[in-house]
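What follows is my_file_18.cif (mmCIF, C-alpha atoms).
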data_protein
#
loop_
_atom_site.label_atom_id
_atom_site.label_comp_id
_atom_site.auth_asym_id
_atom_site.auth_seq_id
_atom_site.Cartn_x
_atom_site.Cartn_y
_atom_site.Cartn_z
CA MET O 18 -183.33 -35.07 65.91
CA ASN O 19 -185.43 -35.74 62.81
CA ASP O 20 -185.09 -38.42 60.15
CA ILE O 21 -186.07 -37.40 56.65
CA GLY O 22 -186.45 -39.79 53.76
CA ALA O 23 -183.95 -39.95 50.93
CA ALA O 24 -183.96 -41.97 47.73
CA ASP O 25 -181.63 -44.65 49.00
CA ALA O 26 -180.99 -43.94 52.68
CA THR O 27 -182.37 -42.37 55.82
CA VAL O 28 -180.92 -38.90 56.30
CA THR O 29 -180.45 -37.85 59.91
CA ASP O 30 -180.90 -34.16 60.62
CA VAL O 31 -178.49 -32.49 63.12
CA ASP O 32 -177.12 -29.01 63.63
CA VAL O 33 -173.42 -29.90 63.45
CA VAL O 34 -171.36 -32.80 62.17
CA VAL O 35 -167.82 -33.11 63.50
CA ILE O 36 -165.54 -35.26 61.33
CA GLY O 37 -162.55 -36.63 63.22
CA ALA O 38 -161.93 -37.36 66.90
CA GLY O 39 -158.33 -36.35 67.35
CA GLN O 40 -157.28 -33.31 69.37
CA ALA O 41 -159.14 -30.82 67.18
CA GLY O 42 -162.33 -32.87 66.92
CA LEU O 43 -162.54 -33.61 70.64
CA SER O 44 -161.88 -29.97 71.49
CA SER O 45 -164.72 -28.96 69.16
CA ALA O 46 -167.08 -31.54 70.65
CA TYR O 47 -166.22 -30.36 74.16
CA HIS O 48 -167.06 -26.74 73.29
CA LEU O 49 -170.29 -27.79 71.59
CA ARG O 50 -171.27 -29.55 74.83
CA ARG O 51 -170.41 -26.45 76.85
CA ARG O 52 -172.70 -24.41 74.58
CA GLY O 53 -175.59 -26.76 75.29
CA PHE O 54 -175.49 -28.96 72.21
CA GLU O 55 -176.45 -32.57 72.94
CA PRO O 56 -174.58 -35.42 71.23
CA ASP O 57 -176.76 -37.55 68.94
CA ARG O 58 -179.48 -34.92 69.06
CA ASP O 59 -177.78 -31.65 68.06
CA PHE O 60 -174.40 -32.88 66.87
CA VAL O 61 -172.56 -36.05 66.01
CA VAL O 62 -168.84 -36.90 66.03
CA LEU O 63 -167.70 -39.32 63.33
CA ASP O 64 -164.28 -40.96 63.45
CA HIS O 65 -162.86 -43.52 61.04
CA ALA O 66 -160.22 -44.89 63.46
CA PRO O 67 -160.96 -48.19 65.22
CA ARG O 68 -160.55 -46.74 68.72
CA PRO O 69 -159.93 -43.45 70.54
CA GLY O 70 -156.58 -41.72 70.18
CA GLY O 71 -156.69 -39.93 66.85
CA ALA O 72 -153.47 -40.28 64.86
CA TRP O 73 -151.56 -40.91 68.08
CA GLN O 74 -152.76 -44.52 68.19
CA PHE O 75 -150.74 -45.22 65.02
CA ARG O 76 -147.42 -43.77 66.18
CA TRP O 77 -144.39 -46.03 66.28
CA PRO O 78 -143.65 -47.76 69.63
CA SER O 79 -140.27 -46.07 70.12
CA LEU O 80 -141.93 -42.63 70.22
CA THR O 81 -142.35 -42.57 73.99
CA TYR O 82 -144.39 -39.92 75.75
CA GLY O 83 -141.21 -38.29 77.00
CA LYS O 84 -140.09 -37.67 73.41
CA VAL O 85 -143.29 -35.91 72.37
CA HIS O 86 -142.76 -32.20 71.80
CA GLY O 87 -145.41 -29.86 73.13
CA MET O 88 -148.39 -32.16 73.70
CA HIS O 89 -151.05 -29.79 75.00
CA THR O 90 -153.85 -31.27 77.08
CA LEU O 91 -157.46 -31.13 75.96
CA PRO O 92 -159.77 -28.45 77.40
CA GLY O 93 -161.35 -29.29 80.73
CA MET O 94 -159.18 -32.29 81.65
CA GLU O 95 -155.46 -32.42 82.35
CA LEU O 96 -153.19 -35.33 81.45
CA THR O 97 -151.27 -36.04 84.65
CA GLY O 98 -148.98 -38.75 85.92
CA ALA O 99 -148.08 -40.14 82.50
CA ASP O 100 -145.00 -42.36 82.42
CA PRO O 101 -142.50 -40.70 80.03
CA GLU O 102 -141.10 -44.13 79.10
CA ARG O 103 -144.43 -45.50 77.88
CA PRO O 104 -145.21 -45.29 74.14
CA SER O 105 -147.09 -42.10 73.34
CA SER O 106 -149.61 -44.21 71.42
CA GLU O 107 -150.62 -45.91 74.68
CA VAL O 108 -150.56 -42.81 76.90
CA ILE O 109 -152.53 -40.50 74.63
CA THR O 110 -154.98 -43.15 73.41
CA ALA O 111 -155.91 -43.91 77.03
CA TYR O 112 -156.21 -40.18 77.78
CA PHE O 113 -158.48 -39.54 74.78
CA GLU O 114 -160.65 -42.50 75.74
CA ARG O 115 -161.10 -41.17 79.30
CA TYR O 116 -161.86 -37.74 77.86
CA GLU O 117 -164.59 -39.04 75.54
CA GLN O 118 -166.18 -40.88 78.46
CA ARG O 119 -165.98 -38.01 80.95
CA PHE O 120 -167.73 -35.55 78.66
CA ASP O 121 -170.06 -38.15 77.10
CA LEU O 122 -169.07 -37.23 73.54
CA ARG O 123 -170.48 -40.48 72.05
CA VAL O 124 -168.02 -40.68 69.17
CA ARG O 125 -169.22 -43.01 66.43
CA ARG O 126 -166.52 -45.28 65.03
CA PRO O 127 -165.33 -46.69 62.79
CA VAL O 128 -167.12 -44.44 60.29
CA ASP O 129 -165.66 -43.49 56.92
CA VAL O 130 -166.87 -40.18 55.49
CA HIS O 131 -167.19 -40.53 51.73
CA ARG O 132 -168.27 -37.06 50.65
CA VAL O 133 -169.77 -33.79 51.83
CA SER O 134 -171.98 -31.99 49.34
CA GLU O 135 -174.71 -29.39 49.08
CA GLY O 136 -177.98 -30.65 50.51
CA ALA O 137 -181.50 -29.31 50.65
CA ASP O 138 -182.58 -26.08 52.31
CA GLY O 139 -179.06 -24.73 52.72
CA ARG O 140 -177.82 -27.78 54.57
CA LEU O 141 -174.74 -29.91 54.02
CA LEU O 142 -175.14 -33.58 53.16
CA VAL O 143 -172.55 -35.85 54.83
CA GLU O 144 -172.45 -39.32 53.27
CA THR O 145 -170.69 -42.02 55.27
CA SER O 146 -170.27 -45.76 55.72
CA ALA O 147 -172.73 -45.55 58.64
CA GLY O 148 -175.47 -43.47 57.03
CA VAL O 149 -176.16 -39.95 55.85
CA TRP O 150 -176.39 -36.81 57.96
CA SER O 151 -177.82 -33.44 57.01
CA ALA O 152 -176.12 -30.62 58.92
CA ARG O 153 -176.42 -26.87 59.20
CA ALA O 154 -172.67 -26.63 59.86
CA LEU O 155 -169.61 -28.84 59.62
CA ILE O 156 -166.41 -29.03 61.65
CA ASN O 157 -163.75 -30.90 59.71
CA ALA O 158 -160.99 -32.20 62.00
CA THR O 159 -159.48 -34.95 59.87
CA GLY O 160 -155.83 -33.93 60.22
CA THR O 161 -153.19 -35.35 57.89
CA TRP O 162 -152.20 -38.85 59.05
CA ASP O 163 -154.30 -40.60 56.42
CA ARG O 164 -152.54 -38.81 53.55
CA PRO O 165 -148.82 -39.63 53.70
CA PHE O 166 -146.93 -37.81 50.97
CA TRP O 167 -144.76 -40.02 48.75
CA PRO O 168 -142.58 -38.02 46.34
CA ARG O 169 -142.00 -39.53 42.93
CA TYR O 170 -138.50 -39.89 41.45
CA PRO O 171 -137.25 -41.50 38.25
CA GLY O 172 -136.55 -45.20 38.72
CA GLN O 173 -138.53 -45.47 41.94
CA ASP O 174 -140.38 -48.57 40.80
CA THR O 175 -137.12 -50.37 39.98
CA PHE O 176 -135.71 -50.32 43.50
CA ARG O 177 -135.23 -53.89 44.73
CA GLY O 178 -135.04 -52.95 48.40
CA ARG O 179 -137.80 -51.82 50.73
CA GLN O 180 -139.54 -48.43 50.66
CA LEU O 181 -141.71 -47.28 53.52
CA HIS O 182 -143.16 -44.07 54.91
CA THR O 183 -143.20 -42.58 58.40
CA ALA O 184 -146.87 -43.60 58.57
CA ILE O 185 -145.81 -47.26 58.85
CA TYR O 186 -142.44 -46.80 60.58
CA PRO O 187 -141.97 -49.98 62.66
CA GLY O 188 -139.21 -48.79 65.03
CA PRO O 189 -135.41 -48.89 64.81
CA GLU O 190 -134.77 -52.61 65.37
CA ALA O 191 -136.42 -53.44 62.04
CA PHE O 192 -133.39 -51.89 60.31
CA ARG O 193 -130.70 -53.88 62.08
CA GLY O 194 -127.70 -54.49 59.81
CA GLN O 195 -129.26 -52.69 56.86
CA ARG O 196 -128.16 -49.72 54.76
CA VAL O 197 -130.84 -47.05 55.19
CA ILE O 198 -131.52 -43.78 53.38
CA VAL O 199 -133.81 -41.44 55.33
CA VAL O 200 -135.45 -38.81 53.14
CA GLY O 201 -136.90 -35.71 54.78
CA GLY O 202 -135.73 -32.73 56.78
CA GLY O 203 -138.45 -32.58 59.41
CA ALA O 204 -138.66 -33.72 63.01
CA SER O 205 -139.73 -37.26 62.08
CA GLY O 206 -136.79 -37.68 59.72
CA THR O 207 -134.25 -36.65 62.33
CA GLN O 208 -135.88 -38.79 65.02
CA HIS O 209 -135.93 -41.84 62.74
CA LEU O 210 -132.32 -41.30 61.74
CA MET O 211 -131.05 -40.94 65.30
CA GLU O 212 -132.96 -44.07 66.36
CA ILE O 213 -131.92 -46.19 63.39
CA ALA O 214 -128.21 -45.27 63.33
CA PRO O 215 -127.13 -47.55 66.24
CA TYR O 216 -128.81 -50.56 64.58
CA ALA O 217 -128.16 -49.99 60.88
CA ALA O 218 -125.03 -50.93 58.96
CA GLU O 219 -125.01 -47.44 57.40
CA THR O 220 -127.36 -44.46 57.25
CA TRP O 221 -127.65 -41.46 54.97
CA TRP O 222 -129.79 -38.37 55.40
CA VAL O 223 -131.17 -36.74 52.25
CA THR O 224 -133.20 -33.52 52.18
CA ARG O 225 -134.39 -31.11 49.50
CA ARG O 226 -133.13 -28.07 51.40
CA PRO O 227 -130.35 -27.66 53.98
CA PRO O 228 -131.92 -28.14 57.40
CA VAL O 229 -132.18 -25.18 59.76
CA PHE O 230 -131.40 -26.04 63.37
CA ALA O 231 -133.06 -23.75 65.89
CA GLU O 232 -131.11 -23.19 69.09
CA GLY O 233 -132.79 -21.86 72.18
CA PRO O 234 -136.29 -22.32 73.57
CA PHE O 235 -139.38 -22.24 71.39
CA ASP O 236 -140.81 -19.25 73.26
CA GLU O 237 -144.06 -17.34 72.85
CA ASP O 238 -142.61 -14.84 70.38
CA ARG O 239 -141.29 -17.57 68.08
CA GLY O 240 -144.58 -19.41 68.36
CA ARG O 241 -146.58 -16.33 67.37
CA ALA O 242 -144.28 -15.66 64.44
CA ALA O 243 -144.64 -19.23 63.17
CA VAL O 244 -148.43 -19.15 63.45
CA ALA O 245 -148.55 -15.79 61.64
CA MET O 246 -146.61 -17.19 58.70
CA VAL O 247 -148.90 -20.21 58.36
CA GLU O 248 -152.00 -18.04 58.78
CA GLU O 249 -150.89 -15.80 55.95
CA ARG O 250 -150.50 -18.76 53.62
CA VAL O 251 -153.95 -20.20 54.31
CA ARG O 252 -155.45 -16.72 54.06
CA GLN O 253 -154.09 -16.65 50.52
CA GLY O 254 -155.45 -20.11 49.71
CA LEU O 255 -152.02 -21.76 49.66
CA PRO O 256 -151.32 -25.19 51.20
CA PRO O 257 -150.11 -24.90 54.80
CA LEU O 258 -146.40 -25.18 55.54
CA SER O 259 -145.08 -27.79 57.94
CA VAL O 260 -144.21 -26.59 61.42
CA VAL O 261 -140.50 -27.33 60.99
CA SER O 262 -140.31 -25.38 57.74
CA VAL O 263 -141.34 -22.32 59.75
CA THR O 264 -139.64 -22.89 63.09
CA GLY O 265 -136.56 -24.95 62.22
CA LEU O 266 -135.49 -28.17 63.90
CA PRO O 267 -135.30 -27.86 67.69
CA VAL O 268 -131.86 -28.62 69.10
CA ASN O 269 -131.43 -30.75 72.21
CA ASP O 270 -128.58 -32.85 73.61
CA ALA O 271 -129.46 -35.85 71.42
CA VAL O 272 -129.41 -33.70 68.29
CA ARG O 273 -126.09 -32.12 69.27
CA LYS O 274 -124.52 -35.55 69.77
CA ALA O 275 -125.91 -36.85 66.48
CA ARG O 276 -124.43 -33.87 64.68
CA GLU O 277 -121.07 -34.40 66.35
CA ASP O 278 -121.14 -38.10 65.42
CA GLY O 279 -121.94 -37.34 61.79
CA VAL O 280 -125.38 -38.99 61.91
CA LEU O 281 -127.02 -35.73 60.85
CA ASP O 282 -124.64 -34.96 57.99
CA ARG O 283 -127.04 -34.08 55.22
CA LEU O 284 -126.83 -34.92 51.52
CA PRO O 285 -128.75 -32.99 48.84
CA MET O 286 -131.72 -34.66 47.20
CA PHE O 287 -130.75 -37.42 44.78
CA ASP O 288 -131.79 -37.25 41.13
CA ARG O 289 -132.91 -40.82 40.55
CA ILE O 290 -133.45 -44.18 42.19
CA THR O 291 -131.72 -47.28 40.87
CA PRO O 292 -132.43 -50.96 41.52
CA THR O 293 -129.74 -50.95 44.24
CA GLY O 294 -129.84 -47.41 45.64
CA VAL O 295 -129.85 -43.77 44.54
CA GLU O 296 -127.80 -41.58 42.20
CA TRP O 297 -126.97 -37.93 41.74
CA ASP O 298 -126.24 -36.21 38.43
CA ASP O 299 -122.67 -35.54 39.55
CA GLY O 300 -121.97 -39.29 39.49
CA ARG O 301 -122.36 -40.08 43.17
CA HIS O 302 -124.12 -43.33 44.00
CA VAL O 303 -125.27 -44.81 47.31
CA GLU O 304 -126.31 -48.44 47.63
CA ALA O 305 -129.08 -49.14 50.11
CA ASP O 306 -131.46 -51.78 51.39
CA VAL O 307 -134.15 -49.38 52.57
CA ILE O 308 -135.48 -45.95 51.60
CA LEU O 309 -137.49 -44.43 54.44
CA TRP O 310 -139.63 -41.53 53.26
CA ALA O 311 -140.08 -39.11 56.18
CA THR O 312 -141.68 -36.66 53.77
CA GLY O 313 -144.70 -35.57 55.72
CA PHE O 314 -148.41 -35.59 55.12
CA ARG O 315 -151.09 -33.59 53.35
CA ALA O 316 -154.47 -32.45 54.65
CA ALA O 317 -157.04 -35.26 54.44
CA ILE O 318 -159.90 -33.26 52.94
CA GLU O 319 -160.77 -35.11 49.71
CA HIS O 320 -164.28 -35.76 51.01
CA LEU O 321 -164.89 -31.99 50.87
CA ALA O 322 -164.14 -31.84 47.13
CA PRO O 323 -167.83 -31.50 46.06
CA LEU O 324 -167.96 -28.18 47.95
CA ARG O 325 -165.18 -26.73 45.74
CA LEU O 326 -163.31 -25.09 48.62
CA ARG O 327 -159.82 -25.29 47.12
CA GLU O 328 -158.25 -22.18 45.61
CA PRO O 329 -156.05 -22.14 42.47
CA GLY O 330 -153.02 -22.16 44.80
CA GLY O 331 -153.98 -25.65 45.97
CA GLY O 332 -155.12 -24.85 49.50
CA VAL O 333 -158.35 -23.77 51.18
CA ARG O 334 -158.50 -20.04 51.77
CA MET O 335 -159.32 -19.53 55.42
CA ASP O 336 -160.83 -16.76 57.51
CA GLY O 337 -159.98 -17.89 61.02
CA THR O 338 -161.29 -21.45 61.13
CA ARG O 339 -163.94 -20.79 58.46
CA ALA O 340 -163.50 -21.78 54.85
CA ALA O 341 -163.77 -18.46 53.03
CA ALA O 342 -165.80 -20.09 50.26
CA ASP O 343 -168.40 -21.55 52.65
CA PRO O 344 -169.00 -20.13 56.15
CA ARG O 345 -170.83 -23.30 57.17
CA VAL O 346 -167.55 -25.24 56.97
CA HIS O 347 -164.82 -24.95 59.59
CA LEU O 348 -161.42 -26.62 59.31
CA VAL O 349 -159.80 -27.20 62.69
CA GLY O 350 -156.38 -28.77 62.98
CA TYR O 351 -155.61 -27.27 59.56
CA GLY O 352 -152.90 -24.73 58.88
CA PRO O 353 -152.14 -22.58 61.94
CA SER O 354 -154.31 -24.79 64.17
CA ALA O 355 -152.37 -27.98 63.36
CA SER O 356 -150.49 -27.91 66.69
CA THR O 357 -152.08 -29.41 69.77
CA ILE O 358 -152.59 -26.04 71.48
CA GLY O 359 -153.76 -24.55 68.19
CA ALA O 360 -156.32 -27.32 67.78
CA ASN O 361 -157.78 -26.56 71.20
CA ARG O 362 -158.17 -22.88 70.40
CA ALA O 363 -159.54 -23.60 66.94
CA GLY O 364 -162.22 -25.88 68.38
CA ARG O 365 -163.43 -23.09 70.66
CA ALA O 366 -163.33 -20.50 67.86
CA ALA O 367 -165.18 -22.74 65.41
CA VAL O 368 -167.99 -23.44 67.87
CA ARG O 369 -168.30 -19.74 68.70
CA ASP O 370 -168.73 -18.90 65.02
CA ILE O 371 -171.14 -21.78 64.42
CA VAL O 372 -173.37 -20.62 67.27
CA ARG O 373 -173.55 -17.20 65.64
CA LEU O 374 -174.30 -18.79 62.26
CA LEU O 375 -177.10 -20.93 63.66
CA GLU O 376 -178.58 -17.92 65.46
CA GLY O 377 -178.51 -15.89 62.24
CA GLU O 378 -175.89 -13.43 63.44
CA PRO O 379 -172.98 -12.21 61.30
CA ALA O 380 -169.66 -13.94 61.83
CA VAL O 381 -166.97 -12.16 63.82
CA VAL O 382 -164.23 -10.96 61.46
#
What is this structure when it is put down as structure tokens?
Amino acid sequence: MNDIGAADATVTDVDVVVIGAGQAGLSSAYHLRRRGFEPDRDFVVLDHAPRPGGAWQFRWPSLTYGKVHGMHTLPGMELTGADPERPSSEVITAYFERYEQRFDLRVRRPVDVHRVSEGADGRLLVETSAGVWSARALINATGTWDRPFWPRYPGQDTFRGRQLHTAIYPGPEAFRGQRVIVVGGGASGTQHLMEIAPYAAETWWVTRRPPVFAEGPFDEDRGRAAVAMVEERVRQGLPPLSVVSVTGLPVNDAVRKAREDGVLDRLPMFDRITPTGVEWDDGRHVEADVILWATGFRAAIEHLAPLRLREPGGGVRMDGTRAAADPRVHLVGYGPSASTIGANRAGRAAVRDIVRLLEGEPAVV
């Protein structure tokens, strides 16, 4: 590993920088290790979170491990014996920490990545709160948790109650005796609503589109179809769809009961927010103490802006895990690889392509 002088900082030369140490980033680091890359010499993993666990460490306490849908273990090390009643934040954070230690991944944290730009000699310059790295290739595994999406509606700033997002959801007991509007038709929105309903004075569920409930198992065929739809969007340079928008909301006994009890009776999206609640153009009005925005997240890739990867459609056009506009840049945990199993596969695919790039071979199409 070489240090080369820069005008205002020491620039550390490595082959690969991995940004993010969630599922996708750890999978990528694992496959780099398997290919013979040494941490701190050939590659570095940078993570802005205070401790291991990726976005899981920030999940609300009532999301127990038993409620997590489809958590796929990391390559090379199973997650066994986890108590389904423990918070997923505790279970998965501990698992990720053991994983980092077992494979000696030497994740550097907390490190904030400020920008990635064109460097010298065909390299990428990665500027961070902990220094500057010059890399021949980049694996971006920053996920979405740091970019909660807050829709804007007329009158939003006048609301005298509390507004919060899934990203800071404190658990159901915080809403005891309150009138709560949950906005969002995804899995988080339905989970929040079903948890809050027994504590709240009243709840309402508001979504832009009628929710689609998916009966039956999420089998391999449905999984492939969902991935294909997301892949087609990112191939066209469009922003990825959420998983639920492709697959529908999975139905289990708790969902069936909530539908029977009227908890999941959906209202169309309101037209404005008032100081005391929300209104529709047809004259309906709901008074509320809290608006909970379960409106999802966007890809946290602002630091890549100097590379001009975004297409006119608003997304990054992808060829597998590669950014079509720059084959040195791989996005894992983005688009079709946003699921836990997809992130594992994407990490392996990205490393395979990077090895070919570093050896001067053409990428596999």
Report as a PDB file with C-alpha atoms, in the frame of the given file the full result of the PyMOL selection byres ((chain O and resi 315-327) around 7) when it is applied to this structure.
ATOM      1  CA  VAL O 130    -166.870 -40.180  55.490  1.00  0.00           C
ATOM      2  CA  HIS O 131    -167.190 -40.530  51.730  1.00  0.00           C
ATOM      3  CA  ARG O 132    -168.270 -37.060  50.650  1.00  0.00           C
ATOM      4  CA  VAL O 133    -169.770 -33.790  51.830  1.00  0.00           C
ATOM      5  CA  SER O 134    -171.980 -31.990  49.340  1.00  0.00           C
ATOM      6  CA  GLU O 135    -174.710 -29.390  49.080  1.00  0.00           C
ATOM      7  CA  THR O 159    -159.480 -34.950  59.870  1.00  0.00           C
ATOM      8  CA  GLY O 160    -155.830 -33.930  60.220  1.00  0.00           C
ATOM      9  CA  THR O 161    -153.190 -35.350  57.890  1.00  0.00           C
ATOM     10  CA  ASP O 163    -154.300 -40.600  56.420  1.00  0.00           C
ATOM     11  CA  ARG O 164    -152.540 -38.810  53.550  1.00  0.00           C
ATOM     12  CA  PRO O 165    -148.820 -39.630  53.700  1.00  0.00           C
ATOM     13  CA  PHE O 166    -146.930 -37.810  50.970  1.00  0.00           C
ATOM     14  CA  PHE O 314    -148.410 -35.590  55.120  1.00  0.00           C
ATOM     15  CA  GLU O 328    -158.250 -22.180  45.610  1.00  0.00           C
ATOM     16  CA  PRO O 329    -156.050 -22.140  42.470  1.00  0.00           C
ATOM     17  CA  GLY O 331    -153.980 -25.650  45.970  1.00  0.00           C
ATOM     18  CA  GLY O 332    -155.120 -24.850  49.500  1.00  0.00           C
ATOM     19  CA  VAL O 333    -158.350 -23.770  51.180  1.00  0.00           C
ATOM     20  CA  ALA O 342    -165.800 -20.090  50.260  1.00  0.00           C
TER      21      ALA O 342
END
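The nearest approach to O:Ser44 among the residues O:Leu91, O:Val108, O:Val280, O:Val272, with only C-alpha atoms taken into account, belongs to O:Leu91.
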(request) Please evaluate the PyMOL selection byres ((chain O and resi 216) around 10) against the structure above and give the resulting residues as a VMD selection string. (result) chain O and resid 189 to 196 211 to 215 217 to 220
(request) Calculate how many Å separate atom CA of O:Ala275 from atom CA of O:His302, rounding to one decimal. (result) 23.5 Å
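Proximity of O:Arg273, O:His48, O:Arg153, O:Arg301 to O:Thr29, computed with all atoms listed in the file, is greatest for O:Arg153.
Closest approach to O:Val268 among O:Leu122, O:Val229, O:Ala137, O:Ala360: O:Val229, based on only C-alpha atoms.
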(request) Convert the output of the PyMOL selection byres ((chain O and resi 305) around 7) on the shown file into explicit residues, formatted as a list of chain:residue names. (result) O:Arg196, O:Val197, O:Ile198, O:Thr293, O:Gly294, O:Val303, O:Glu304, O:Asp306, O:Val307
(message) Just want the 10 Å neighbourhood of O:Phe120, counted on all atoms listed in the file, with same-chain residues fewer than 4 positions away dropped. Output as an MDAnalysis selection string.
(response) chainID O and resid 43 46:47 50:51 93:94 115:116
Since the input has fewer atoms than a full residue there, write stretch 281-298 of chain O out with N, CA, C and O atoms, as a compact mmCIF listing (two decimals), in the coordinates of the input.
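File selection_36.txt, as written:
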# COMPACT_ATOMS: atom_id res chain seq x y z
N LEU O 281 -126.18 -36.73 61.49
CA LEU O 281 -127.02 -35.73 60.85
C LEU O 281 -126.24 -34.93 59.80
O LEU O 281 -126.51 -33.75 59.58
N ASP O 282 -125.29 -35.57 59.15
CA ASP O 282 -124.64 -34.96 57.99
C ASP O 282 -125.57 -35.13 56.80
O ASP O 282 -125.87 -36.26 56.39
N ARG O 283 -125.99 -34.04 56.24
CA ARG O 283 -127.04 -34.08 55.22
C ARG O 283 -126.48 -34.11 53.81
O ARG O 283 -125.48 -33.45 53.49
N LEU O 284 -127.13 -34.89 52.94
CA LEU O 284 -126.83 -34.92 51.52
C LEU O 284 -127.97 -34.23 50.76
O LEU O 284 -129.13 -34.30 51.19
N PRO O 285 -127.67 -33.57 49.64
CA PRO O 285 -128.75 -32.99 48.84
C PRO O 285 -129.62 -34.08 48.22
O PRO O 285 -129.23 -35.25 48.16
N MET O 286 -130.77 -33.69 47.75
CA MET O 286 -131.72 -34.66 47.20
C MET O 286 -131.12 -35.35 45.98
O MET O 286 -130.53 -34.72 45.11
N PHE O 287 -131.26 -36.66 45.93
CA PHE O 287 -130.75 -37.42 44.78
C PHE O 287 -131.61 -37.13 43.55
O PHE O 287 -132.73 -36.58 43.64
N ASP O 288 -131.10 -37.53 42.39
CA ASP O 288 -131.79 -37.25 41.13
C ASP O 288 -132.58 -38.44 40.60
O ASP O 288 -133.51 -38.27 39.82
N ARG O 289 -132.19 -39.64 41.02
CA ARG O 289 -132.91 -40.82 40.55
C ARG O 289 -132.68 -41.98 41.52
O ARG O 289 -131.74 -41.96 42.31
N ILE O 290 -133.56 -42.96 41.40
CA ILE O 290 -133.45 -44.18 42.19
C ILE O 290 -133.09 -45.31 41.23
O ILE O 290 -133.63 -45.41 40.13
N THR O 291 -132.17 -46.14 41.67
CA THR O 291 -131.72 -47.28 40.87
C THR O 291 -132.20 -48.58 41.53
O THR O 291 -132.70 -48.56 42.67
N PRO O 292 -132.03 -49.71 40.88
CA PRO O 292 -132.43 -50.96 41.52
C PRO O 292 -131.72 -51.23 42.84
O PRO O 292 -132.27 -51.92 43.71
N THR O 293 -130.52 -50.65 43.03
CA THR O 293 -129.74 -50.95 44.24
C THR O 293 -129.53 -49.75 45.15
O THR O 293 -128.87 -49.88 46.19
N GLY O 294 -130.06 -48.58 44.80
CA GLY O 294 -129.84 -47.41 45.64
C GLY O 294 -130.30 -46.13 44.97
O GLY O 294 -131.36 -46.11 44.32
N VAL O 295 -129.50 -45.07 45.12
CA VAL O 295 -129.85 -43.77 44.54
C VAL O 295 -128.63 -43.16 43.87
O VAL O 295 -127.49 -43.49 44.21
N GLU O 296 -128.88 -42.24 42.94
CA GLU O 296 -127.80 -41.58 42.20
C GLU O 296 -128.05 -40.09 42.11
O GLU O 296 -129.20 -39.63 42.09
N TRP O 297 -126.93 -39.36 42.00
CA TRP O 297 -126.97 -37.93 41.74
C TRP O 297 -126.39 -37.68 40.34
O TRP O 297 -125.60 -38.48 39.82
N ASP O 298 -126.74 -36.55 39.76
CA ASP O 298 -126.24 -36.21 38.43
C ASP O 298 -124.74 -36.01 38.38
O ASP O 298 -124.13 -36.11 37.32
